[in-house]
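*Asks:* Input query.txt, format and content: compact mmCIF, C-alpha atoms and all ligand atoms.
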```
# COMPACT_ATOMS: atom_id res chain seq x y z
CA MET M 1 4.86 20.09 -1.35
CA ARG M 2 5.67 18.35 1.95
CA THR M 3 3.36 15.87 3.64
CA TYR M 4 2.84 16.01 7.40
CA ASN M 5 1.04 13.58 9.69
CA ILE M 6 -0.53 14.63 12.94
CA PRO M 7 -0.23 11.38 14.92
CA ILE M 8 -3.11 10.38 17.17
CA PHE M 9 -2.36 7.03 18.80
CA VAL M 10 -5.51 4.96 19.36
CA PRO M 11 -4.58 1.94 21.47
CA HIS M 12 -6.97 -0.95 21.09
CA LYS M 13 -7.77 -1.70 24.69
CA GLY M 14 -10.13 -4.55 24.03
CA CYS M 15 -8.05 -6.16 21.32
CA PRO M 16 -9.03 -9.84 21.27
CA PHE M 17 -5.83 -10.83 19.47
CA ASP M 18 -2.44 -11.61 20.86
CA CYS M 19 0.14 -11.09 18.13
CA VAL M 20 3.43 -12.52 19.37
CA PHE M 21 5.32 -9.25 18.78
CA CYS M 22 2.78 -6.93 20.44
CA ASN M 23 2.87 -5.80 24.07
CA GLN M 24 -0.34 -3.76 24.07
CA LYS M 25 -2.21 -6.33 26.14
CA ARG M 26 0.42 -6.33 28.82
CA ILE M 27 0.44 -2.55 29.13
CA THR M 28 -3.35 -2.18 28.95
CA GLY M 29 -3.48 -0.79 32.47
CA GLU M 30 -1.21 2.06 31.42
CA ILE M 31 -3.15 2.89 28.26
CA ARG M 32 -5.43 5.92 28.40
CA GLU M 33 -8.20 5.94 25.86
CA VAL M 34 -8.16 8.75 23.28
CA THR M 35 -11.28 10.91 23.36
CA PRO M 36 -12.77 13.28 20.75
CA THR M 37 -11.69 16.14 23.04
CA ASP M 38 -8.09 14.87 22.78
CA VAL M 39 -8.40 14.95 18.98
CA THR M 40 -9.72 18.52 19.13
CA GLU M 41 -6.69 19.50 21.23
CA ILE M 42 -3.95 17.45 19.50
CA ILE M 43 -4.64 18.74 15.97
CA PRO M 44 -4.31 22.51 16.69
CA GLN M 45 -1.22 21.86 18.86
CA HIS M 46 0.50 20.30 15.85
CA LEU M 47 -0.90 22.80 13.34
CA LYS M 48 0.87 25.60 15.26
CA THR M 49 4.24 23.97 14.50
CA LEU M 50 3.61 23.28 10.79
CA PRO M 51 4.12 25.61 7.81
CA LYS M 52 1.06 27.52 6.62
CA THR M 53 1.60 26.97 2.91
CA ASP M 54 2.94 24.33 0.54
CA ARG M 55 1.98 21.48 2.82
CA TYR M 56 -0.40 18.49 2.85
CA ILE M 57 -1.55 17.59 6.35
CA GLU M 58 -3.33 14.44 7.46
CA ALA M 59 -4.64 13.63 10.91
CA ALA M 60 -3.32 10.09 11.37
CA PHE M 61 -5.04 7.61 13.67
CA PHE M 62 -2.32 5.07 14.38
CA GLY M 63 -2.49 2.03 16.62
CA GLY M 64 -3.13 -0.76 14.19
CA SER M 65 -6.79 -1.60 14.67
CA PHE M 66 -8.82 1.62 14.46
CA THR M 67 -11.82 -0.06 12.81
CA GLY M 68 -11.88 -2.70 15.56
CA ILE M 69 -13.13 -0.21 18.14
CA PRO M 70 -16.93 0.18 18.45
CA ILE M 71 -18.31 2.07 15.45
CA ASP M 72 -19.83 4.87 17.53
CA GLU M 73 -16.39 5.51 19.08
CA GLN M 74 -14.83 5.52 15.60
CA SER M 75 -17.45 8.03 14.48
CA ALA M 76 -16.88 10.30 17.49
CA LEU M 77 -13.10 10.42 16.88
CA LEU M 78 -13.49 10.87 13.14
CA SER M 79 -16.12 13.55 13.58
CA ALA M 80 -13.68 15.59 15.71
CA ALA M 81 -11.02 15.36 12.97
CA HIS M 82 -13.59 15.98 10.22
CA GLU M 83 -14.30 19.47 11.59
CA PHE M 84 -10.69 20.46 10.84
CA LEU M 85 -11.02 18.92 7.38
CA GLU M 86 -14.18 20.90 6.66
CA ARG M 87 -12.48 24.15 7.69
CA GLY M 88 -9.55 23.35 5.39
CA GLU M 89 -7.10 23.26 8.29
CA ILE M 90 -6.07 19.70 7.41
CA ASP M 91 -6.19 17.98 4.02
CA GLY M 92 -7.00 14.40 4.93
CA ILE M 93 -7.49 11.72 7.57
CA ARG M 94 -5.57 8.46 7.58
CA LEU M 95 -5.76 5.41 9.80
CA SER M 96 -4.22 1.99 10.21
CA THR M 97 -6.19 -1.17 10.88
CA ARG M 98 -6.34 -4.96 10.51
CA PRO M 99 -7.46 -6.69 7.30
CA ASP M 100 -10.23 -8.56 9.13
CA TYR M 101 -11.72 -5.34 10.50
CA ILE M 102 -12.91 -4.17 7.09
CA SER M 103 -16.51 -4.37 5.92
CA GLU M 104 -18.79 -2.30 3.73
CA LYS M 105 -20.46 -0.82 6.80
CA ILE M 106 -17.09 0.24 8.20
CA LEU M 107 -15.87 1.66 4.88
CA ASP M 108 -19.14 3.59 4.33
CA ASN M 109 -18.64 5.18 7.73
CA LEU M 110 -14.99 6.07 7.04
CA GLN M 111 -16.00 7.65 3.75
CA LYS M 112 -18.72 9.68 5.46
CA TYR M 113 -16.12 11.30 7.73
CA GLY M 114 -13.68 12.10 4.93
CA VAL M 115 -11.04 9.42 5.56
CA THR M 116 -8.52 9.61 2.72
CA THR M 117 -6.02 6.82 3.43
CA ILE M 118 -6.40 3.34 4.92
CA GLU M 119 -3.32 1.34 5.84
CA LEU M 120 -3.69 -2.38 6.48
CA GLY M 121 -1.31 -4.32 8.71
CA VAL M 122 -0.74 -7.28 6.40
CA GLN M 123 2.58 -8.31 8.00
CA SER M 124 2.88 -11.46 5.84
CA MET M 125 1.07 -13.14 2.94
CA ASP M 126 2.17 -16.55 4.21
CA ASP M 127 -0.47 -18.31 6.30
CA GLU M 128 2.12 -20.33 8.24
CA VAL M 129 3.95 -17.15 9.23
CA LEU M 130 0.67 -15.42 10.14
CA LYS M 131 -0.30 -18.41 12.29
CA ALA M 132 3.10 -18.61 14.00
CA SER M 133 2.79 -14.89 14.73
CA ASN M 134 -0.70 -15.42 16.15
CA ARG M 135 -2.07 -12.67 13.93
CA GLY M 136 -5.58 -14.10 13.88
CA HIS M 137 -6.13 -13.35 10.18
CA THR M 138 -5.17 -15.07 6.97
CA ARG M 139 -3.84 -14.14 3.53
CA ALA M 140 -7.41 -14.54 2.22
CA ASP M 141 -8.60 -11.87 4.69
CA VAL M 142 -6.03 -9.46 3.23
CA ILE M 143 -7.17 -10.08 -0.34
CA LYS M 144 -10.83 -9.70 0.62
CA ALA M 145 -10.17 -6.43 2.50
CA VAL M 146 -8.12 -4.97 -0.36
CA GLU M 147 -10.83 -5.85 -2.90
CA LEU M 148 -13.43 -4.10 -0.74
CA ILE M 149 -11.30 -1.00 -0.11
CA LYS M 150 -10.62 -0.66 -3.83
CA ARG M 151 -14.31 -0.12 -4.49
CA TYR M 152 -13.93 3.20 -2.64
CA PRO M 153 -11.77 6.24 -3.46
CA PHE M 154 -9.40 5.65 -0.50
CA THR M 155 -5.63 5.64 -0.92
CA LEU M 156 -4.50 2.14 0.07
CA GLY M 157 -1.38 1.45 2.13
CA LEU M 158 -0.10 -2.00 3.08
CA GLN M 159 2.35 -2.74 5.88
CA MET M 160 4.60 -5.80 5.95
CA MET M 161 7.04 -7.16 8.50
CA THR M 162 10.23 -9.15 8.02
CA GLY M 163 11.81 -11.62 10.41
CA LEU M 164 8.57 -12.93 11.93
CA PRO M 165 8.55 -16.46 13.42
CA LEU M 166 8.89 -19.06 10.61
CA ASP M 167 9.61 -16.22 8.17
CA THR M 168 12.54 -16.41 5.76
CA PRO M 169 13.92 -13.95 3.20
CA GLU M 170 12.26 -16.06 0.48
CA ARG M 171 8.88 -15.89 2.25
CA SER M 172 9.21 -12.12 2.77
CA THR M 173 10.10 -11.71 -0.90
CA GLU M 174 7.01 -13.72 -1.84
CA THR M 175 4.92 -11.51 0.48
CA ALA M 176 6.29 -8.43 -1.31
CA LYS M 177 5.42 -9.96 -4.70
CA GLN M 178 1.87 -10.62 -3.57
CA ILE M 179 1.58 -7.11 -2.10
CA ILE M 180 2.75 -5.64 -5.42
CA ALA M 181 0.04 -7.65 -7.17
CA LEU M 182 -2.53 -5.97 -4.89
CA LYS M 183 -1.35 -2.56 -6.20
CA PRO M 184 -1.27 -0.42 -3.04
CA ALA M 185 -0.19 3.23 -3.43
CA ILE M 186 2.07 3.06 -0.40
CA VAL M 187 3.93 0.45 1.64
CA ARG M 188 5.70 0.36 5.00
CA ILE M 189 8.27 -2.29 5.87
CA TYR M 190 8.96 -3.11 9.51
CA PRO M 191 11.67 -5.59 10.50
CA THR M 192 10.41 -7.45 13.59
CA LEU M 193 11.78 -6.21 16.90
CA THR M 194 11.56 -8.29 20.06
CA ILE M 195 9.80 -6.13 22.61
CA LYS M 196 9.82 -6.61 26.38
CA ASP M 197 6.81 -8.44 27.84
CA THR M 198 5.76 -10.12 24.60
CA TYR M 199 5.39 -13.77 23.72
CA LEU M 200 8.16 -13.22 21.18
CA GLU M 201 10.49 -12.28 24.03
CA LYS M 202 9.73 -15.65 25.67
CA LEU M 203 10.43 -17.46 22.39
CA TYR M 204 13.67 -15.51 22.00
CA LEU M 205 14.84 -16.13 25.56
CA SER M 206 14.11 -19.85 25.24
CA GLY M 207 16.07 -20.01 21.98
CA LYS M 208 12.98 -20.78 19.87
CA TYR M 209 13.10 -17.51 17.94
CA LYS M 210 16.14 -16.04 16.26
CA PRO M 211 15.82 -12.34 15.44
CA GLN M 212 17.26 -10.92 12.22
CA THR M 213 20.64 -9.27 12.55
CA ILE M 214 20.95 -5.68 11.31
CA ASP M 215 22.91 -6.90 8.25
CA GLU M 216 20.28 -9.54 7.40
CA ALA M 217 17.42 -7.07 7.78
CA VAL M 218 19.21 -4.40 5.72
CA GLU M 219 20.01 -6.85 2.91
CA LEU M 220 16.42 -8.11 2.76
CA CYS M 221 14.82 -4.66 3.05
CA LYS M 222 17.14 -3.44 0.27
CA ARG M 223 15.75 -6.10 -2.08
CA LEU M 224 12.17 -5.35 -1.02
CA LEU M 225 12.66 -1.58 -1.48
CA ILE M 226 13.98 -2.13 -5.01
CA MET M 227 11.03 -4.43 -5.84
CA PHE M 228 8.43 -1.94 -4.62
CA GLU M 229 10.07 1.07 -6.27
CA GLU M 230 10.46 -0.76 -9.58
CA ASN M 231 6.70 -1.30 -9.46
CA GLY M 232 5.93 2.37 -8.76
CA ILE M 233 4.96 1.81 -5.11
CA ASN M 234 6.03 4.50 -2.66
CA VAL M 235 7.77 2.99 0.39
CA ILE M 236 6.99 5.60 3.01
CA ARG M 237 8.67 3.89 5.94
CA ILE M 238 11.34 1.26 6.56
CA GLY M 239 11.89 0.32 10.20
CA LEU M 240 11.07 2.18 13.35
CA GLN M 241 12.68 5.55 13.98
CA ALA M 242 14.87 6.33 16.99
CA THR M 243 12.19 8.80 18.05
CA ASP M 244 9.49 6.12 18.11
CA GLU M 245 8.32 5.58 21.66
CA ILE M 246 9.22 1.90 21.62
CA CYS M 247 12.87 2.70 20.79
CA GLU M 248 13.05 5.58 23.23
CA ASN M 249 11.85 3.77 26.33
CA GLY M 250 14.30 0.89 26.07
CA SER M 251 11.62 -1.74 25.36
CA VAL M 252 13.53 -3.42 22.54
CA VAL M 253 15.13 -6.64 23.80
CA ALA M 254 16.54 -7.86 20.48
CA GLY M 255 16.30 -7.39 16.73
CA PRO M 256 17.54 -5.08 14.01
CA VAL M 257 17.00 -1.74 15.72
CA HIS M 258 19.01 1.22 14.41
CA SER M 259 18.47 4.97 14.70
CA ALA M 260 18.76 5.40 10.91
CA PHE M 261 17.58 2.05 9.57
CA ARG M 262 16.14 3.40 6.34
CA GLU M 263 19.38 5.21 5.58
CA LEU M 264 21.30 1.93 6.02
CA VAL M 265 18.97 0.31 3.49
CA GLU M 266 19.26 3.18 1.00
CA SER M 267 23.05 3.18 1.39
CA ALA M 268 23.08 -0.55 0.63
CA VAL M 269 21.15 0.18 -2.58
CA TYR M 270 23.80 2.79 -3.45
CA TYR M 271 26.61 0.33 -2.72
CA ASP M 272 25.38 -2.08 -5.37
CA LYS M 273 25.06 0.77 -7.88
CA ILE M 274 28.57 2.03 -7.04
CA VAL M 275 30.05 -1.48 -7.52
CA ASN M 276 28.31 -1.66 -10.87
CA ALA M 277 29.48 1.80 -11.97
CA THR M 278 33.09 1.18 -10.92
CA GLN M 279 33.54 -2.32 -12.33
CA ASN M 280 36.23 -1.17 -14.78
CA CYS M 281 38.12 0.91 -12.19
CA GLU M 282 41.38 -0.40 -10.85
CA ARG M 283 42.51 1.77 -7.91
CA ASN M 284 40.56 5.06 -7.77
CA ALA M 285 37.06 6.18 -8.62
CA LEU M 286 35.16 9.46 -8.45
CA ILE M 287 31.42 9.02 -8.66
CA ALA M 288 28.69 11.66 -8.74
CA VAL M 289 25.21 11.50 -7.19
CA ASN M 290 22.52 14.05 -6.49
CA PRO M 291 24.00 16.46 -3.85
CA ARG M 292 21.25 15.63 -1.35
CA GLU M 293 22.14 11.94 -1.58
CA ILE M 294 25.91 12.18 -0.93
CA SER M 295 25.69 10.95 2.67
CA LYS M 296 23.68 7.88 1.58
CA ALA M 297 26.16 7.09 -1.19
CA VAL M 298 29.08 7.44 1.23
CA GLY M 299 27.22 5.31 3.78
CA ASN M 300 26.74 5.45 7.52
CA ARG M 301 30.20 6.13 9.04
CA ARG M 302 31.61 5.94 5.49
CA ALA M 303 30.56 2.28 5.30
CA ASN M 304 30.38 2.20 1.48
CA VAL M 305 33.80 3.86 1.07
CA ILE M 306 35.36 1.39 3.53
CA LYS M 307 33.60 -1.64 2.03
CA ILE M 308 34.59 -0.90 -1.56
CA LYS M 309 38.20 -0.42 -0.43
CA SER M 310 38.25 -3.76 1.38
CA GLU M 311 36.27 -5.74 -1.22
CA LYS M 312 37.50 -4.17 -4.49
CA ASN M 313 40.60 -2.24 -3.36
CA ILE M 314 39.15 0.97 -4.83
CA ASP M 315 39.69 4.41 -3.24
CA LEU M 316 36.26 5.94 -3.66
CA LYS M 317 35.38 9.64 -3.69
CA VAL M 318 31.82 10.92 -4.00
CA THR M 319 30.77 14.31 -5.39
CA GLY M 320 27.44 16.04 -6.03
CA ASP M 321 25.86 16.74 -9.41
CA GLU M 322 22.53 18.64 -9.52
CA SER M 323 21.68 17.17 -12.90
CA LEU M 324 21.37 13.67 -11.40
CA SER M 325 18.12 12.50 -9.88
CA LYS M 326 17.74 10.59 -6.62
CA GLY M 327 19.27 7.13 -6.93
CA GLU M 328 21.37 7.87 -10.03
CA VAL M 329 25.11 7.14 -9.90
CA LYS M 330 27.55 8.43 -12.53
CA LEU M 331 31.19 7.48 -12.83
CA VAL M 332 33.10 10.76 -13.30
CA CYS M 333 36.66 9.49 -13.63
CA PHE M 334 39.03 6.75 -12.52
S1 LIG E 401 -0.65 -5.90 16.98
FE1 LIG E 401 -2.10 -7.61 17.26
S2 LIG E 401 -2.35 -7.85 19.48
FE2 LIG E 401 -1.40 -5.85 19.13
S3 LIG E 401 -3.15 -4.42 19.09
FE3 LIG E 401 -2.72 -5.00 16.95
S4 LIG E 401 -4.05 -6.74 16.55
FE4 LIG E 401 -3.99 -6.47 18.80
```
Could I get this structure in the form of structure tokens?
Ligand code: SF4
*Replies:*
Amino acid sequence: MRTYNIPIFVPHKGCPFDCVFCNQKRITGEIREVTPTDVTEIIPQHLKTLPKTDRYIEAAFFGGSFTGIPIDEQSALLSAAHEFLERGEIDGIRLSTRPDYISEKILDNLQKYGVTTIELGVQSMDDEVLKASNRGHTRADVIKAVELIKRYPFTLGLQMMTGLPLDTPERSTETAKQIIALKPAIVRIYPTLTIKDTYLEKLYLSGKYKPQTIDEAVELCKRLLIMFEENGINVIRIGLQATDEICENGSVVAGPVHSAFRELVESAVYYDKIVNATQNCERNALIAVNPREISKAVGNRRANVIKIKSEKNIDLKVTGDESLSKGEVKLVCF
């Protein structure tokens, strides 16, 4: 069964925070508030384009601080989505919010309207990094919010960022360890991008902030992906997609932006497995992977084939084998 999200972007006009990487404040004048009528129109528009069977559909209120808007506005938006849930036209409602915008009153209200999944923007579990990023919440706020959410039947998602100010690969790895200990069902990993008209852009232009390179971000996200998957946590997103508005409108000034970032990360995971599988090969190697994974094993623009030739002097060929599951690599001959 495939999962589909119907995205409804809820900008937080009155957001009192000023995260260094966020440009919402500066584009407030251009932001139009989402109304319940919009929700009633957006959902059927998307439903028309989705399959009728074998699908799980959630209306997804994105924007990062849904539960920070006044509770009557939350209720009005949720109520509009709830009607589709009651009629069985959608299967769930998800939203993303901040850890310090969680309380029993808020959670009771979300439960009343059938919310199924709550994603928290954790970003880091390091208080120094959170402070340098001007997030306005602490690690303790995250733990408190997670404990509260876990008293309800919601699916919990946690989002983390890499490459924030004062962040290091070691600090991101520690954040991932602490997130794993909180046992979310799902995780998203976003390498920090420097967006136009943000404080981060100022820091970058004045030389006070150094963004991650693509290679650094891929290497770190590879390690994080392995950690989460080894602990049974589903990583549903790594990096922004080329279709994300922020990438499309040329707002990214610097940082590890790539149209297929997740694929780069998954290919890097394959590279390590290929090196391991071919360690006794001298000149040639034929490896097999699941047929749907061949392009990841070969790498973006044949990166893995080229790298193993230059680093190990091995001529690599990749074939498909239906009996192998995703991520498995088998040495066929050498
Ligand atoms: S990222 Fe930070 S500043 Fe931007 S809307 Fe969310 S909480 Fe507010």
*Asks:* Which residues are near Arg94 (chain M)? Cut-off 10 Å, all atoms listed in the file, ignore same chain within fewer than 6 positions. Put them as a ChimeraX atom specification.
*Replies:* /M:5-7,58-62,78,110,114-119,154-157
*Asks:* Quick one: pull the distance between CA of Thr198 (chain M) and atom FE2 of ligand LIG 401 (chain E), Å, one decimal.
*Replies:*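 If I compute the distance from CA of Thr198 (chain M) to atom FE2 of ligand LIG 401 (chain E), I get 10.0 Å.
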*Asks:* Just give me the gap between CA of Gly299 (chain M) and CA of Glu263 (chain M) in Å, one decimal is fine.
*Replies:* 8.0 Å
*Asks:* Using only C-alpha atoms, can you list as a count of residues only the residues within 9 Å of (-7.3, -3.0, -2.1)?
*Replies:* 17
*Asks:* Can you check which parts of chain M lie within 7 Å of ligand LIG 401 (chain E)? Per residue, the shortest pair of atoms and distance in Å to one decimal, counting all atoms listed in the file, sorted by chain and number, as CSV.
*Replies:*
```
residue,atom,partner,partner_atom,distance
M:Pro11,CA,E:LIG401,S3,6.9
M:His12,CA,E:LIG401,S3,5.5
M:Cys15,CA,E:LIG401,FE4,4.8
M:Pro16,CA,E:LIG401,FE4,6.5
M:Phe17,CA,E:LIG401,S2,4.6
M:Asp18,CA,E:LIG401,S2,4.0
M:Cys19,CA,E:LIG401,FE1,4.2
M:Cys22,CA,E:LIG401,FE2,4.5
M:Asn23,CA,E:LIG401,FE2,6.5
M:Gln24,CA,E:LIG401,FE2,5.5
M:Lys25,CA,E:LIG401,S2,6.8
M:Gly63,CA,E:LIG401,S3,6.9
M:Gly64,CA,E:LIG401,FE3,5.1
M:Ser65,CA,E:LIG401,FE3,5.8
M:Arg98,CA,E:LIG401,S4,6.7
M:Arg135,CA,E:LIG401,FE1,6.1
```
*Asks:* Kindly extract all protein, DNA and RNA residues lying within 10 Å of the coordinates (-15.2, 11.3, 17.4) given in the file, considering only C-alpha atoms, and supply them as a list of chain:residue names.
*Replies:*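 Using only C-alpha atoms, the matching residues come out as M:Val34, M:Thr35, M:Pro36, M:Thr37, M:Asp38, M:Val39, M:Thr40, M:Ile71, M:Asp72, M:Glu73, M:Gln74, M:Ser75, M:Ala76, M:Leu77, M:Leu78, M:Ser79, M:Ala80, M:Ala81, M:His82, M:Tyr113.
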*Asks:* When you draw a straight line from CA of Ser206 (chain M) to CA of Thr194 (chain M), how long is it in Å?
*Replies:*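 Result for CA of Ser206 (chain M) versus CA of Thr194 (chain M): 12.9 Å, one decimal.
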*Asks:* Considering all atoms listed in the file, can you say which of M:Val235, M:Ile43, M:Leu224, M:Ile189 comes closest to Glu174 (chain M)?
*Replies:*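 Going through M:Val235, M:Ile43, M:Leu224, M:Ile189 one by one, the smallest distance to Glu174 (chain M) is for M:Leu224.
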*Asks:* Could you give me, as a list in words, the residues within 10 Å of Leu240 (chain M), counting all atoms listed in the file and dropping anything in the same chain fewer than 6 positions from it?
*Replies:*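 Everything that qualifies: Ile189, Tyr190, Pro191, Thr192, Leu193, Ile246, Cys247, Pro256, Val257, His258, Ser259, Ala260, Phe261 and Arg262 of chain M.
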*Asks:* Name the closest residue to Ser295 (chain M) among the candidates M:Thr213, M:Ser267, M:Thr3, M:Ser310; distances are taken between atoms, counting only C-alpha atoms.
*Replies:*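 Result for the nearest residue to Ser295 (chain M): M:Ser267.
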*Asks:* Find, counting only C-alpha atoms, the residue in M:Leu324, M:Lys222, M:Ser251, M:Lys330 that gets nearest to Lys196 (chain M).
*Replies:* M:Ser251
*Asks:* Please report, as lines of an AutoDock Vina configuration file, the centre and edge lengths in Å to one decimal of an axis-aligned box covering all listed atoms of region 115-119 of chain M with 3 Å per side.
*Replies:*
```
center_x = -7.2
center_y = 5.5
center_z = 4.3
size_x = 13.7
size_y = 14.3
size_z = 9.1
```
*Asks:* Give me, as a VMD selection string, all polymer residues having an atom no more than 7 Å from Ile195 (chain M), counting all atoms listed in the file and skipping those fewer than 4 positions away in the same chain.
*Replies:* chain M and resid 21 201 251 to 253
*Asks:* Counting only C-alpha atoms, which of M:Glu128, M:His137, M:Ile236, M:Lys52 gets nearest to Ile90 (chain M)?
*Replies:*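 Answer, going by the shortest atom-to-atom distance: M:Lys52.
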*Asks:* If we count only C-alpha atoms and set the cut-off at 12 Å, which residues sit around Leu225 (chain M), ignoring sequence neighbours fewer than 6 positions away in its own chain? Please answer as number ranges by chain.
*Replies:* M: 160, 172-173, 176-177, 180, 186-190, 217-219, 231-239, 262-269
*Asks:* Restricting the calculation to only C-alpha atoms, which member of M:Glu86, M:Tyr4, M:Ile102, M:Cys221 is positioned closest to His46 (chain M)?
*Replies:*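 Closest residue, counting only C-alpha atoms: M:Tyr4.
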*Asks:* Near Asp127 (chain M), within 10 Å and counting only C-alpha atoms, which residues show up once chain neighbours fewer than 5 positions away are dropped, as a list in words?
*Replies:*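 After dropping sequence-adjacent residues, the list is Ala132, Ser133, Arg135, His137, Thr138, Arg139 and Ala140 of chain M.
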*Asks:* Go through M:Ala181, M:Leu203, M:Val298, M:Met125 one by one, measure the shortest atom-to-atom distance of each to Asp167 (chain M) using only C-alpha atoms, and give the residue with the smallest value.
*Replies:* M:Met125
